[in-house]
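Next comes coords01.cif, a file with mmCIF, C-alpha atoms and all ligand atoms.
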data_target
#
loop_
_atom_site.label_atom_id
_atom_site.label_comp_id
_atom_site.auth_asym_id
_atom_site.auth_seq_id
_atom_site.Cartn_x
_atom_site.Cartn_y
_atom_site.Cartn_z
CA MET A 4 -20.23 22.83 -84.05
CA LYS A 5 -18.22 20.99 -81.44
CA LEU A 6 -20.35 18.77 -79.25
CA THR A 7 -19.99 16.26 -76.43
CA LEU A 8 -22.14 13.17 -76.82
CA LYS A 9 -22.99 10.95 -73.85
CA ILE A 10 -24.35 7.76 -75.33
CA TRP A 11 -25.78 4.59 -73.76
CA ARG A 12 -23.61 1.65 -74.79
CA GLN A 13 -24.80 -1.89 -74.04
CA LYS A 14 -23.25 -4.95 -75.69
CA ASN A 15 -26.37 -7.10 -75.62
CA ALA A 16 -29.70 -7.62 -73.86
CA GLN A 17 -28.05 -9.27 -70.83
CA ALA A 18 -25.04 -6.93 -70.44
CA LYS A 19 -25.01 -4.05 -67.99
CA GLY A 20 -24.87 -0.86 -70.02
CA GLN A 21 -23.21 2.46 -69.30
CA MET A 22 -23.01 6.01 -70.62
CA VAL A 23 -19.88 6.63 -72.72
CA THR A 24 -18.65 10.12 -73.65
CA TYR A 25 -17.60 11.00 -77.23
CA PRO A 26 -16.38 14.42 -78.37
CA ILE A 27 -17.40 15.27 -81.93
CA ASP A 28 -16.44 18.19 -84.20
CA GLY A 29 -17.47 19.63 -87.56
CA ILE A 30 -21.23 19.17 -87.11
CA ASP A 31 -23.31 21.38 -89.39
CA GLY A 32 -26.69 22.78 -88.29
CA ASP A 33 -28.27 21.47 -91.50
CA MET A 34 -27.38 17.86 -90.68
CA SER A 35 -30.11 15.64 -89.30
CA PHE A 36 -29.55 14.03 -85.92
CA LEU A 37 -29.00 10.65 -87.59
CA GLU A 38 -26.45 12.16 -90.00
CA MET A 39 -24.59 13.44 -86.94
CA MET A 40 -24.69 9.88 -85.55
CA ASP A 41 -23.36 8.63 -88.92
CA VAL A 42 -20.39 11.02 -88.61
CA LEU A 43 -19.65 9.65 -85.14
CA ASN A 44 -19.95 6.04 -86.34
CA ASN A 45 -17.59 6.67 -89.29
CA GLU A 46 -15.04 8.03 -86.83
CA LEU A 47 -15.47 5.03 -84.52
CA ILE A 48 -15.10 2.59 -87.43
CA ASN A 49 -11.95 4.41 -88.65
CA LYS A 50 -10.49 4.05 -85.16
CA GLY A 51 -11.33 0.32 -85.10
CA GLU A 52 -14.03 0.78 -82.46
CA GLU A 53 -17.58 -0.60 -82.54
CA PRO A 54 -20.11 1.83 -84.03
CA VAL A 55 -23.17 2.80 -81.98
CA VAL A 56 -26.13 0.59 -82.91
CA PHE A 57 -29.40 2.44 -83.53
CA ASP A 58 -32.55 1.68 -85.51
CA HIS A 59 -33.40 3.66 -88.65
CA ASP A 60 -35.00 3.01 -92.01
CA CYS A 61 -36.99 5.67 -93.90
CA ARG A 62 -35.22 8.73 -92.42
CA GLU A 63 -38.29 10.80 -93.27
CA GLY A 64 -40.64 10.35 -90.31
CA ILE A 65 -42.63 7.43 -91.68
CA CYS A 66 -41.33 4.11 -90.35
CA GLY A 67 -41.11 5.01 -86.65
CA SER A 68 -37.90 3.08 -86.06
CA CYS A 69 -35.46 5.87 -85.05
CA SER A 70 -36.25 5.66 -81.36
CA MET A 71 -33.83 7.78 -79.32
CA PHE A 72 -34.26 9.55 -76.00
CA ILE A 73 -32.32 12.81 -76.45
CA ASN A 74 -31.61 15.12 -73.51
CA GLY A 75 -34.48 13.51 -71.60
CA GLU A 76 -37.06 13.77 -74.41
CA ALA A 77 -38.32 11.19 -76.85
CA HIS A 78 -37.11 12.26 -80.34
CA GLY A 79 -35.33 15.26 -78.79
CA PRO A 80 -36.19 18.91 -78.20
CA ASP A 81 -38.23 19.68 -81.35
CA ARG A 82 -41.99 19.06 -81.57
CA LEU A 83 -43.93 16.90 -84.07
CA VAL A 84 -40.76 15.38 -85.54
CA THR A 85 -39.01 12.04 -85.28
CA THR A 86 -35.29 11.77 -84.50
CA CYS A 87 -34.49 11.44 -88.22
CA GLN A 88 -36.29 14.75 -88.87
CA LEU A 89 -34.55 16.56 -86.00
CA HIS A 90 -31.92 19.01 -87.21
CA MET A 91 -28.64 19.82 -85.48
CA ARG A 92 -29.52 23.54 -85.63
CA LYS A 93 -31.67 22.80 -82.55
CA PHE A 94 -28.36 22.51 -80.63
CA LYS A 95 -25.56 25.04 -79.97
CA ASP A 96 -21.81 24.84 -80.31
CA GLY A 97 -20.38 23.39 -77.09
CA ASP A 98 -23.58 21.54 -76.07
CA THR A 99 -23.52 18.20 -74.30
CA ILE A 100 -26.17 15.82 -75.64
CA THR A 101 -27.28 12.68 -73.79
CA ILE A 102 -28.63 9.89 -75.98
CA GLU A 103 -30.40 6.88 -74.50
CA PRO A 104 -32.66 4.10 -75.76
CA TRP A 105 -36.39 3.94 -74.94
CA ARG A 106 -36.64 2.60 -71.42
CA ALA A 107 -39.70 0.43 -70.70
CA ALA A 108 -40.31 -3.17 -69.65
CA GLY A 109 -42.21 -3.67 -72.93
CA PHE A 110 -39.19 -2.47 -74.98
CA PRO A 111 -36.11 -4.44 -73.82
CA VAL A 112 -32.75 -3.13 -75.07
CA ILE A 113 -31.19 -5.33 -77.80
CA LYS A 114 -27.95 -3.37 -78.15
CA ASP A 115 -26.91 0.26 -77.48
CA LEU A 116 -29.85 2.41 -78.63
CA MET A 117 -31.80 -0.38 -80.34
CA VAL A 118 -34.81 -1.77 -78.48
CA ASP A 119 -37.15 -4.66 -79.24
CA ARG A 120 -40.55 -3.16 -80.15
CA SER A 121 -42.15 -6.46 -81.23
CA SER A 122 -44.60 -6.01 -78.33
CA PHE A 123 -46.32 -3.40 -80.54
CA ASP A 124 -46.51 -5.94 -83.39
CA ARG A 125 -48.18 -8.47 -81.07
CA ILE A 126 -50.72 -5.85 -79.96
CA GLN A 127 -51.50 -5.13 -83.63
CA HIS A 128 -51.84 -8.85 -84.38
CA ALA A 129 -54.35 -9.13 -81.51
CA GLY A 130 -56.87 -6.89 -83.30
CA GLY A 131 -55.42 -4.03 -85.34
CA PHE A 132 -56.97 -5.15 -88.63
CA ILE A 133 -60.27 -5.65 -90.45
CA SER A 134 -61.28 -8.83 -92.27
CA ILE A 135 -62.71 -8.25 -95.74
CA ASN A 136 -63.98 -10.43 -98.51
CA THR A 137 -61.35 -10.45 -101.26
CA SER A 138 -63.07 -13.00 -103.46
CA GLY A 139 -63.74 -10.54 -106.27
CA ASN A 140 -66.98 -8.96 -105.05
CA THR A 141 -65.45 -6.46 -102.66
CA GLN A 142 -67.57 -3.37 -102.23
CA ASP A 143 -66.07 -0.14 -103.57
CA ALA A 144 -64.91 1.85 -100.53
CA ASN A 145 -66.41 5.04 -102.00
CA ALA A 146 -69.87 3.42 -101.99
CA ILE A 147 -70.01 3.74 -98.20
CA PRO A 148 -70.75 7.34 -97.13
CA ILE A 149 -68.70 8.51 -94.13
CA GLU A 150 -69.08 11.85 -92.37
CA LYS A 151 -66.08 14.09 -93.10
CA ILE A 152 -65.53 14.69 -89.39
CA ASP A 153 -65.22 10.91 -88.80
CA ALA A 154 -63.04 10.35 -91.86
CA ASP A 155 -60.66 13.11 -90.71
CA ALA A 156 -60.47 11.78 -87.13
CA ALA A 157 -59.87 8.21 -88.39
CA PHE A 158 -57.12 9.48 -90.69
CA ASP A 159 -55.49 11.43 -87.86
CA ALA A 160 -55.48 8.29 -85.69
CA ALA A 161 -54.05 6.27 -88.57
CA THR A 162 -51.01 8.55 -88.79
CA CYS A 163 -49.54 6.84 -85.70
CA ILE A 164 -46.24 5.33 -86.86
CA GLY A 165 -45.80 2.98 -83.89
CA CYS A 166 -42.56 4.63 -82.80
CA GLY A 167 -43.10 4.11 -79.06
CA ALA A 168 -42.25 7.68 -78.00
CA CYS A 169 -45.52 7.75 -76.05
CA VAL A 170 -44.38 4.79 -73.96
CA ALA A 171 -40.87 6.21 -73.49
CA SER A 172 -42.27 9.58 -72.33
CA CYS A 173 -44.78 8.12 -69.86
CA LYS A 174 -43.77 7.69 -66.20
CA ASN A 175 -45.89 4.50 -66.19
CA SER A 176 -44.58 3.26 -69.58
CA SER A 177 -48.19 3.20 -70.74
CA ALA A 178 -48.93 2.26 -74.35
CA MET A 179 -52.45 3.69 -74.25
CA LEU A 180 -51.83 6.43 -76.85
CA PHE A 181 -50.52 3.91 -79.39
CA VAL A 182 -53.24 1.31 -78.75
CA SER A 183 -56.00 3.92 -78.70
CA ALA A 184 -54.82 5.31 -82.07
CA LYS A 185 -54.96 1.80 -83.56
CA VAL A 186 -58.42 1.15 -82.05
CA SER A 187 -59.75 4.59 -83.06
CA GLN A 188 -58.79 4.38 -86.72
CA PHE A 189 -61.30 1.51 -87.06
CA ALA A 190 -63.82 2.53 -84.38
CA LEU A 191 -64.65 5.66 -86.39
CA LEU A 192 -65.37 3.82 -89.65
CA PRO A 193 -68.22 1.48 -90.62
CA GLN A 194 -65.68 -1.06 -91.89
CA GLY A 195 -64.32 -1.37 -88.36
CA GLN A 196 -67.62 -2.19 -86.67
CA VAL A 197 -67.82 -5.93 -87.45
CA GLU A 198 -64.87 -6.84 -85.21
CA ALA A 199 -65.08 -3.82 -82.87
CA THR A 200 -65.90 -5.73 -79.68
CA ASP A 201 -63.16 -8.34 -80.03
CA ARG A 202 -60.66 -5.76 -81.29
CA VAL A 203 -60.61 -3.50 -78.26
CA LEU A 204 -60.82 -6.34 -75.73
CA ASN A 205 -58.01 -8.33 -77.37
CA MET A 206 -55.70 -5.37 -77.99
CA VAL A 207 -56.02 -4.09 -74.41
CA LYS A 208 -55.47 -7.63 -73.06
CA GLN A 209 -52.30 -7.98 -75.15
CA MET A 210 -51.12 -4.51 -74.09
CA ASP A 211 -51.42 -5.54 -70.43
CA GLU A 212 -49.66 -8.87 -71.05
CA GLU A 213 -46.70 -7.06 -72.67
CA GLY A 214 -45.96 -5.24 -69.40
CA PHE A 215 -47.05 -1.69 -70.30
CA GLY A 216 -48.35 0.42 -67.41
CA ASN A 217 -51.62 2.22 -66.85
CA CYS A 218 -52.56 5.69 -68.08
CA THR A 219 -52.76 8.32 -65.33
CA ASN A 220 -53.58 11.22 -67.66
CA THR A 221 -50.33 13.16 -67.34
CA GLY A 222 -50.42 13.87 -71.09
CA ALA A 223 -46.65 13.50 -71.65
CA CYS A 224 -47.36 11.06 -74.50
CA GLU A 225 -49.37 13.62 -76.48
CA VAL A 226 -46.65 16.28 -76.04
CA GLU A 227 -43.85 14.00 -77.26
CA CYS A 228 -45.76 12.17 -80.02
CA PRO A 229 -44.16 13.08 -83.37
CA LYS A 230 -47.53 12.70 -85.13
CA GLY A 231 -49.62 14.76 -82.69
CA ILE A 232 -51.88 11.84 -81.78
CA SER A 233 -54.52 13.29 -79.45
CA LEU A 234 -55.47 12.12 -75.96
CA GLU A 235 -59.05 12.10 -77.29
CA ASN A 236 -58.19 8.71 -78.75
CA ILE A 237 -57.60 7.33 -75.24
CA ALA A 238 -61.01 8.59 -74.14
CA ARG A 239 -62.55 6.96 -77.24
CA MET A 240 -60.80 3.67 -76.52
CA ASN A 241 -62.02 3.72 -72.92
CA ARG A 242 -65.61 4.16 -74.18
CA GLU A 243 -65.13 1.34 -76.71
CA TYR A 244 -63.66 -0.88 -73.99
CA LEU A 245 -66.52 -0.22 -71.58
CA ALA A 246 -69.14 -0.91 -74.26
CA ALA A 247 -67.33 -4.10 -75.34
CA SER A 248 -67.02 -5.32 -71.73
CA LEU A 249 -70.75 -4.83 -71.15
CA LYS A 250 -71.54 -6.78 -74.35
CA GLY A 251 -68.96 -9.43 -73.84
S1 LIG A 301 -49.05 7.43 -80.61
FE1 LIG A 301 -47.43 8.82 -81.33
S2 LIG A 301 -45.71 8.42 -79.97
FE2 LIG A 301 -47.11 6.69 -79.75
S3 LIG A 301 -46.42 5.15 -81.21
FE3 LIG A 301 -47.97 6.40 -82.28
S4 LIG A 301 -46.79 8.00 -83.33
FE4 LIG A 301 -45.40 7.12 -81.79
S1 LIG A 302 -36.02 6.51 -89.63
FE1 LIG A 302 -38.13 6.20 -90.16
S2 LIG A 302 -39.19 7.58 -88.83
FE2 LIG A 302 -37.09 7.99 -88.44
#
Could you write out this structure as structure tokens?
Amino acid sequence: MKLTLKIWRQKNAQAKGQMVTYPIDGIDGDMSFLEMMDVLNNELINKGEEPVVFDHDCREGICGSCSMFINGEAHGPDRLVTTCQLHMRKFKDGDTITIEPWRAAGFPVIKDLMVDRSSFDRIQHAGGFISINTSGNTQDANAIPIEKIDADAAFDAATCIGCGACVASCKNSSAMLFVSAKVSQFALLPQGQVEATDRVLNMVKQMDEEGFGNCTNTGACEVECPKGISLENIARMNREYLAASLKG
């Protein structure tokens, strides 16, 4: 395939960025989107130009780092996949593809397509954990019975990879889907009850401090989430938050 790529180039966090056009040839439908970007970067390096900076690590949909906004959609046109799992067969010969970084106040651009997602780390640090006794008398996890329906819902919430596509897809740059997944994975389990009140209050407070917007129930986050995290988690977090506020 021959393609035209329009890519956001930005030298650093302070610089004014711009879209730059690159023609590319010889792209195979079986290549992943990141492999296509590797081909482009090899060409740029061979020409003595600066390669396009983008985040990536696992390249198998686990780490959540390959954040790219492709043709106006987080992680591109396919559903339930990350950019590294997106295949070039989703595009046609002659297509023009626009590639931008996540755009949100909580995710400032570092360079080109790489954004700073440490705001998500700070939200996690505010409450996305449980404290357990590790002194040698830890209770066997299997000794605590948990309804299958709750175990499944907690597992589904725990599959959130913290990629930030929900924020990038939301007109308000809301991080509610991410935070609600992190709250829900503990709210559904007995192990999460000890710190439940502080967890939801502190994580929501940190989310607000990081500059993420409010949820107005448009549902774009759920559509674009590569892990299919459900809006039900937001409803659960709202209930947890209300209960915690009344207690607190
Ligand atoms: S909820 Fe989905 S889109 Fe948002 S960070 Fe988690 S995996 Fe990514
Ligand atoms: S590189 Fe890890 S999810 Fe894409």
Record the distance separating atom CA of A:Val203 and atom CA of A:Arg239, expressed in Å with one decimal.
10.7 Å
Hey, what's within 9 Å of A:Ile100 if we count all atoms listed in the file and toss same-chain stuff fewer than 5 positions away? As a list in words, please?
Leu6, Thr7, Leu8, Lys9, Ile10, Ile73, Asn74 and Phe94 of chain A
Quick one: which chain A residues come within 7 Å of ligand LIG 302 (chain A), and what is the nearest atom pair for each with the distance in Å to one decimal, counting all atoms listed in the file, rows ordered by chain and ascending number, as JSON lines?
{"residue": "A:His59", "atom": "CA", "partner": "A:LIG302", "partner_atom": "S1", "distance": 4.0}
{"residue": "A:Asp60", "atom": "CA", "partner": "A:LIG302", "partner_atom": "S1", "distance": 4.4}
{"residue": "A:Cys61", "atom": "CA", "partner": "A:LIG302", "partner_atom": "FE1", "distance": 3.9}
{"residue": "A:Arg62", "atom": "CA", "partner": "A:LIG302", "partner_atom": "S1", "distance": 3.7}
{"residue": "A:Glu63", "atom": "CA", "partner": "A:LIG302", "partner_atom": "FE1", "distance": 5.6}
{"residue": "A:Gly64", "atom": "CA", "partner": "A:LIG302", "partner_atom": "S2", "distance": 3.5}
{"residue": "A:Ile65", "atom": "CA", "partner": "A:LIG302", "partner_atom": "S2", "distance": 4.5}
{"residue": "A:Cys66", "atom": "CA", "partner": "A:LIG302", "partner_atom": "FE1", "distance": 3.8}
{"residue": "A:Gly67", "atom": "CA", "partner": "A:LIG302", "partner_atom": "S2", "distance": 3.9}
{"residue": "A:Ser68", "atom": "CA", "partner": "A:LIG302", "partner_atom": "FE1", "distance": 5.2}
{"residue": "A:Cys69", "atom": "CA", "partner": "A:LIG302", "partner_atom": "FE2", "distance": 4.3}
{"residue": "A:Thr85", "atom": "CA", "partner": "A:LIG302", "partner_atom": "FE2", "distance": 5.5}
{"residue": "A:Thr86", "atom": "CA", "partner": "A:LIG302", "partner_atom": "FE2", "distance": 5.7}
{"residue": "A:Cys87", "atom": "CA", "partner": "A:LIG302", "partner_atom": "FE2", "distance": 4.3}
{"residue": "A:Gln88", "atom": "CA", "partner": "A:LIG302", "partner_atom": "FE2", "distance": 6.8}
Could you build a table of the residues in chain A lying no more than 7 Å from ligand LIG 301 (chain A), giving for each the nearest pair of atoms and their separation in Å rounded to one decimal place, using only C-alpha atoms and all ligand atoms, ordered by chain and ascending residue number, as CSV?
residue,atom,partner,partner_atom,distance
A:Gly67,CA,A:LIG301,FE4,6.8
A:Thr162,CA,A:LIG301,S4,6.9
A:Cys163,CA,A:LIG301,FE3,3.8
A:Ile164,CA,A:LIG301,S4,4.5
A:Gly165,CA,A:LIG301,S3,3.5
A:Cys166,CA,A:LIG301,FE4,3.9
A:Gly167,CA,A:LIG301,S3,4.1
A:Ala168,CA,A:LIG301,S2,4.0
A:Cys169,CA,A:LIG301,S2,4.0
A:Val170,CA,A:LIG301,FE2,6.7
A:Leu180,CA,A:LIG301,S1,4.8
A:Phe181,CA,A:LIG301,S1,4.0
A:Ala184,CA,A:LIG301,S1,6.3
A:Cys224,CA,A:LIG301,S2,6.3
A:Glu227,CA,A:LIG301,S2,6.5
A:Cys228,CA,A:LIG301,S2,3.8
A:Pro229,CA,A:LIG301,S4,5.7
A:Lys230,CA,A:LIG301,S4,5.1
A:Gly231,CA,A:LIG301,FE1,6.5
A:Ile232,CA,A:LIG301,S1,5.4
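Here the question is which of A:Gly216, A:Thr137, A:Glu150, A:Gly130 gets nearest to A:Glu198 using only C-alpha atoms, and that residue is A:Gly130.
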Among listed residues A:Met34, A:Ile102, A:Leu245, A:Met71, nearest A:Met117 (using all atoms listed in the file):
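Distance minimum relative to A:Met117 lands on A:Met71.
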How many Å separate atom CA of A:Asn175 from atom CA of A:Thr24?
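Atom CA of A:Thr24 lies at a distance of 28.8 Å from atom CA of A:Asn175.
You will find atom CA of A:Asp81 at 11.3 Å from atom CA of A:Phe36.
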Which neighbours of A:Lys14 fall inside 7 Å, counting all atoms listed in the file, when residues of the same chain fewer than 2 positions from it are skipped, and could you give them as a list in words?
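Skipping anything fewer than 2 positions along the chain leaves Arg12, Ala18, Lys114 and Asp115 of chain A.
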